[in-house]
Amino acid sequence: MTATTTARPALATGGRRPRRRAPARDFRTTRWGWAYSAPAVLIFAAFVIVPTGYTFYVSLWKWNALNPAMSVYRGLGNYQRLFDATQPTFLSSLWHSLYFSGAMVVGGTALSLALALLLQRGGALLNASRVALFLPHATPMIATSMIWVWIFNPRFGLADWMLHSLHLPTSQWLQSSTSAMPAVIVYSLWHEVGFTTVVFLGGLAVLPNELSEAARMDGCSAWQEFWHITWHQLRPVTVFVVAITAITSLQAFTQFYQLSDGGPVYATTTLSYLVYQEAFVLSDTGYGAALAVVLFAVTVFFTLVRRRTATGADSALT
Amino acid sequence: MRYRIAAVASLAALSLSACAGGGTPATTTTAPAASGQELAVPTKPVTITFEEAMTIGTLKPAMEKLVSDFQAKYPNITVKLQGDPDYATMYTKEKAEVQAGNAPTMGQAYESWASYFQSGGALTPISELAGTDTPTEMSTFYKGVQKDLALGDGKTWMWPFNKSVLILFSNADMLKADGQAAPKTWDDYASVMKAVSKNGVTGSTIDPGSATAAAFGTQWFEILDKSNGGTLYDADGTPHLNDAGAVTALTYLKSLKDAGALATGKNYPGETALGAKKGAFDISSAAGYGFEKATVGGKFNLGISALPAGPAGPVNELTGTNIVVFKNASTDQKAAAWAFLKFITSPAEQAGWASTSGYLPVTAQALPLMQDFVAKNPYETAAVSELDTAFALPPHSWIFKCQGYEATAIQDVLDNGAAPTAALGTAQTACTAAKAQG
């Protein structure tokens, strides 16, 4: 960079000494760069960085939220309680978070990719189908959850009525520890798949046709074309969908709050729901903060693992 | 770099100090009344706020009438209602307001909530308002209500408001068609429940509650325990969740479930099933009469009777909340709040409130003033009489958690088929730990 400013011959300036240009600097490192960034940085600090640090601070105390001056220092005592608690156990909540996230990542990605492949061709009917598919994602989760509580009602609900009409075995849905989490996953897929399908549709729309045409001419089957050509090219989009689904699933709360209240018998108590329950309902703020710190660490861990395993083009998405 | 670190550190310190100061009570500008002296009704204009969950829904007219009657008597006092859609939302808001140093003057509170607020120094004792810990008005309240106003330190911190007990709603036509009479004992009840559970009908559907909220199913379990001679909690909050009475109670529920006479659900499932003629009974609050009647909609005769009795005799549990006065209020606001509390528990206002809301009057002096209502609702006299003997769980902050453990044990037994002894043993362990945490 500096070579271009020092190597100019004196002739070019008619014998005048050339004005020495200041070395180019990254604008972001200048005072103006800082000034322009300041509002965003301050907002981010006020609403994310400082509260995150403050949560860690609170996690070290038996915190009296009504009167912090009455709080008692516990050190790592709240973290110790993570392994002593029985109702629910920390590990069971962690497992529920991973169970839900795993189902959403695998099921959500596969389903939305399949739907995107079905809907990628144009036409009025398919466009209407796209809108219909996306519509649930545009609805407020708290409102639709209330409707699904009734759909899942074992005595009066639509779900069991349909199963019964088809002579299929009915389910207790949200009333049973074994079927409650699958029921929440069914609802969550219904609500979320519209968004990820649109992401895949966007990816499919910009794929070049040449490779597929060449493959078909070489005798590739439809499955081989999808597996080796289409999905391979969709890898950056898939990585994005997996990452965004994993993070939002780990932090999912509304459906657990409205559909199942974390039950029955803590069967749908995930880490994020447990944070809410302990910190805001049961007023055990210090313990809730310790859980929040652990949830933060889990999310960071999975994000780092994903970054570590990301290669090539998809790393741009990280 | 040093500047950046200093700036970030300053910002963090500012935020931490701002948050840490959130719960500090504001100082009052006027001097409190001398000890032993009742606060006089203020003569200058004063506004008080009341955090409540009564003005959303059918109770709105009754609540607004209480306020308008009070403001007509004390025109210089304005009562500003801060309505919430449900108790859980109200509790969350109350906690947030106290933490922000912006508590309302008064708020509805369950006993365990009041204990939590008191542990943070957020409440005003009744003695600071009335000049005594036992104001004369208290002696007119039913005995069960009187006992429900103190916290763990024995002092009076609450004033009664929307109190009720549980009663038994039934499909009278269904029982008559099946040749069944209203059950007098819990054994009778089990027999009738099993007898009517056929052709798509399940005797009753209950909400067992959840880890974060008790429901009528939780209270039914507590009543069954006591009617078996059990004591779930000592006065100091020590739990006995796996004692014989509790195990018997939960075994009773399990036997009904196993016989197909009991189902579980959410969102007032008993009322829904009763109204849809899919259930024969619903155990619910006397204050829920209006809701039950609306759900039934004249499809059949709605039967109402007192809860059956157990081996230890008839037992009932208080439902509903009390009112607490928060500490941040100024002396004038506290005086106005005290005038409001006394006013709404006066016999005439209680008669009007009970007749329009469905809650029970907290003073026996109200009954003669509401004879028209009693004539139309004959269950009222029997329900009110239970206010003398109805129990309330001891007022300790961990009881809120422990009721969640009770509810979870009920779910585990009824929905997962767990053994009552094991489920209640788990609840006992967790509740003991919660008590130790304080």
# chains A, B, ... in the order shown; residues from 1 in each chain; ligands from 1
call {"tool": "interface_residues", "arguments": {"of": "chain A", "to": "chain B", "cutoff": "7 Å", "atoms": "only C-alpha atoms", "output": "list of chain:residue names"}}
result
A:Val50, A:Tyr54, A:Asn64, A:Ala65, A:Leu66, A:Asn67, A:Pro68, A:Thr86, A:Gln87, A:Gln175, A:Ser176, A:Ser177, A:Asp261, A:Gly263, A:Pro264, A:Val265, A:Gln277, A:Val281, A:Leu282
call {"tool": "write_last_selection", "arguments": {"atoms": "C-alpha atoms", "output": "PDB file, in the first residue's frame"}}
result
ATOM      1  CA  VAL A  50     -23.689  -5.600  30.943  1.00  0.00           C
ATOM      2  CA  TYR A  54     -24.558  -8.806  35.868  1.00  0.00           C
ATOM      3  CA  ASN A  64     -32.884 -10.896  47.327  1.00  0.00           C
ATOM      4  CA  ALA A  65     -34.462  -9.292  44.280  1.00  0.00           C
ATOM      5  CA  LEU A  66     -36.745  -7.117  46.388  1.00  0.00           C
ATOM      6  CA  ASN A  67     -33.881  -5.661  48.370  1.00  0.00           C
ATOM      7  CA  PRO A  68     -30.427  -6.500  46.975  1.00  0.00           C
ATOM      8  CA  THR A  86     -33.998 -33.032  42.403  1.00  0.00           C
ATOM      9  CA  GLN A  87     -37.178 -31.265  41.247  1.00  0.00           C
ATOM     10  CA  GLN A 175     -51.105 -34.828  29.593  1.00  0.00           C
ATOM     11  CA  SER A 176     -48.467 -37.552  29.521  1.00  0.00           C
ATOM     12  CA  SER A 177     -44.773 -37.340  30.311  1.00  0.00           C
ATOM     13  CA  ASP A 261     -46.009 -25.225  31.729  1.00  0.00           C
ATOM     14  CA  GLY A 263     -44.784 -30.460  32.734  1.00  0.00           C
ATOM     15  CA  PRO A 264     -46.150 -32.913  33.309  1.00  0.00           C
ATOM     16  CA  VAL A 265     -43.617 -33.943  35.933  1.00  0.00           C
ATOM     17  CA  GLN A 277     -39.320 -20.796  36.597  1.00  0.00           C
ATOM     18  CA  VAL A 281     -41.859 -17.519  39.343  1.00  0.00           C
ATOM     19  CA  LEU A 282     -40.201 -19.103  42.344  1.00  0.00           C
TER      20      LEU A 282
END
call {"tool": "select_by_dssp", "arguments": {"residues": "region 171-280 of chain B", "states": "strand (DSSP E)", "output": "list in words"}}
result
Asn171, Thr202, Gly203, Ser204, Thr205, Ile206, Leu262, Ala263, Thr264, Gly279 and Ala280 of chain B
call {"tool": "write_last_selection", "arguments": {"atoms": "N, CA and C atoms", "output": "JSON list (two decimals), in the first residue's frame"}}
result
[["chain", "number", "residue", "atom", "x", "y", "z"],
["B", 171, "ASN", "N", -73.83, -32.47, 37.99],
["B", 171, "ASN", "CA", -74.93, -32.55, 37.03],
["B", 171, "ASN", "C", -76.07, -33.27, 37.75],
["B", 202, "THR", "N", -66.78, -39.28, 32.38],
["B", 202, "THR", "CA", -65.80, -39.54, 33.43],
["B", 202, "THR", "C", -66.26, -38.75, 34.65],
["B", 203, "GLY", "N", -66.29, -39.41, 35.80],
["B", 203, "GLY", "CA", -66.83, -38.79, 37.01],
["B", 203, "GLY", "C", -66.44, -37.33, 37.15],
["B", 204, "SER", "N", -65.14, -37.07, 37.11],
["B", 204, "SER", "CA", -64.67, -35.69, 37.26],
["B", 204, "SER", "C", -63.32, -35.54, 36.57],
["B", 205, "THR", "N", -63.04, -34.33, 36.13],
["B", 205, "THR", "CA", -61.73, -34.02, 35.55],
["B", 205, "THR", "C", -61.11, -32.91, 36.38],
["B", 206, "ILE", "N", -59.85, -33.11, 36.78],
["B", 206, "ILE", "CA", -59.21, -32.11, 37.64],
["B", 206, "ILE", "C", -57.94, -31.58, 36.99],
["B", 262, "LEU", "N", -61.74, -40.66, 37.03],
["B", 262, "LEU", "CA", -61.06, -39.38, 37.20],
["B", 262, "LEU", "C", -60.13, -39.14, 36.03],
["B", 263, "ALA", "N", -60.16, -37.95, 35.49],
["B", 263, "ALA", "CA", -59.25, -37.58, 34.40],
["B", 263, "ALA", "C", -58.53, -36.30, 34.80],
["B", 264, "THR", "N", -57.46, -35.99, 34.08],
["B", 264, "THR", "CA", -56.73, -34.75, 34.35],
["B", 264, "THR", "C", -56.74, -33.87, 33.12],
["B", 279, "GLY", "N", -68.77, -34.97, 32.27],
["B", 279, "GLY", "CA", -68.36, -35.14, 33.66],
["B", 279, "GLY", "C", -69.58, -34.98, 34.55],
["B", 280, "ALA", "N", -69.53, -35.64, 35.72],
["B", 280, "ALA", "CA", -70.67, -35.54, 36.64],
["B", 280, "ALA", "C", -70.41, -34.53, 37.75]]
call {"tool": "closest_residue", "arguments": {"among": "B:Ala348, B:Lys226, B:Glu94, B:Ser170", "to": "Phe280 (chain A)", "atoms": "only C-alpha atoms"}}
result
B:Glu94
call {"tool": "atom_distance", "arguments": {"atom1": "CA of Lys65 (chain B)", "atom2": "CA of Val165 (chain B)"}}
result
23.2 Å
call {"tool": "atom_distance", "arguments": {"atom1": "CA of Ala214 (chain B)", "atom2": "CA of Gln403 (chain B)"}}
result
6.0 Å
call {"tool": "closest_residue", "arguments": {"among": "A:Met181, A:Gly107, A:Thr270, A:Gln172", "to": "Thr196 (chain A)", "atoms": "only C-alpha atoms"}}
result
A:Gly107
call {"tool": "decode", "arguments": {"residues": "region 153-186 of chain B", "atoms": "C-alpha atoms", "output": "short mmCIF file (atom, residue, chain, number, x, y, z; two decimals), in the first residue's frame"}}
result
data_model
loop_
_atom_site.label_atom_id
_atom_site.label_comp_id
_atom_site.auth_asym_id
_atom_site.auth_seq_id
_atom_site.Cartn_x
_atom_site.Cartn_y
_atom_site.Cartn_z
CA ASP B 153 -43.62 -13.88 62.83
CA GLY B 154 -47.16 -13.93 64.23
CA LYS B 155 -47.85 -10.31 63.25
CA THR B 156 -50.77 -9.21 61.10
CA TRP B 157 -49.51 -8.18 57.66
CA MET B 158 -52.59 -8.84 55.48
CA TRP B 159 -56.23 -7.84 55.31
CA PRO B 160 -58.89 -10.16 53.84
CA PHE B 161 -60.35 -9.59 50.41
CA ASN B 162 -61.70 -12.19 47.96
CA LYS B 163 -62.09 -15.26 50.13
CA SER B 164 -63.90 -18.44 49.29
CA VAL B 165 -63.93 -22.20 49.93
CA LEU B 166 -64.29 -25.18 47.64
CA ILE B 167 -67.72 -26.63 46.90
CA LEU B 168 -69.00 -29.51 44.83
CA PHE B 169 -70.78 -28.76 41.55
CA SER B 170 -72.63 -31.61 39.87
CA ASN B 171 -74.93 -32.55 37.03
CA ALA B 172 -78.03 -33.07 39.18
CA ASP B 173 -80.03 -34.54 36.29
CA MET B 174 -77.34 -37.12 35.53
CA LEU B 175 -77.13 -38.19 39.17
CA LYS B 176 -80.91 -38.44 39.41
CA ALA B 177 -81.16 -40.50 36.24
CA ASP B 178 -78.56 -42.88 37.65
CA GLY B 179 -80.29 -43.08 41.02
CA GLN B 180 -77.41 -41.40 42.84
CA ALA B 181 -77.68 -38.92 45.71
CA ALA B 182 -75.26 -36.11 46.54
CA PRO B 183 -72.33 -37.80 48.34
CA LYS B 184 -71.83 -37.08 52.04
CA THR B 185 -68.44 -38.73 52.53
CA TRP B 186 -65.40 -39.15 50.32
#
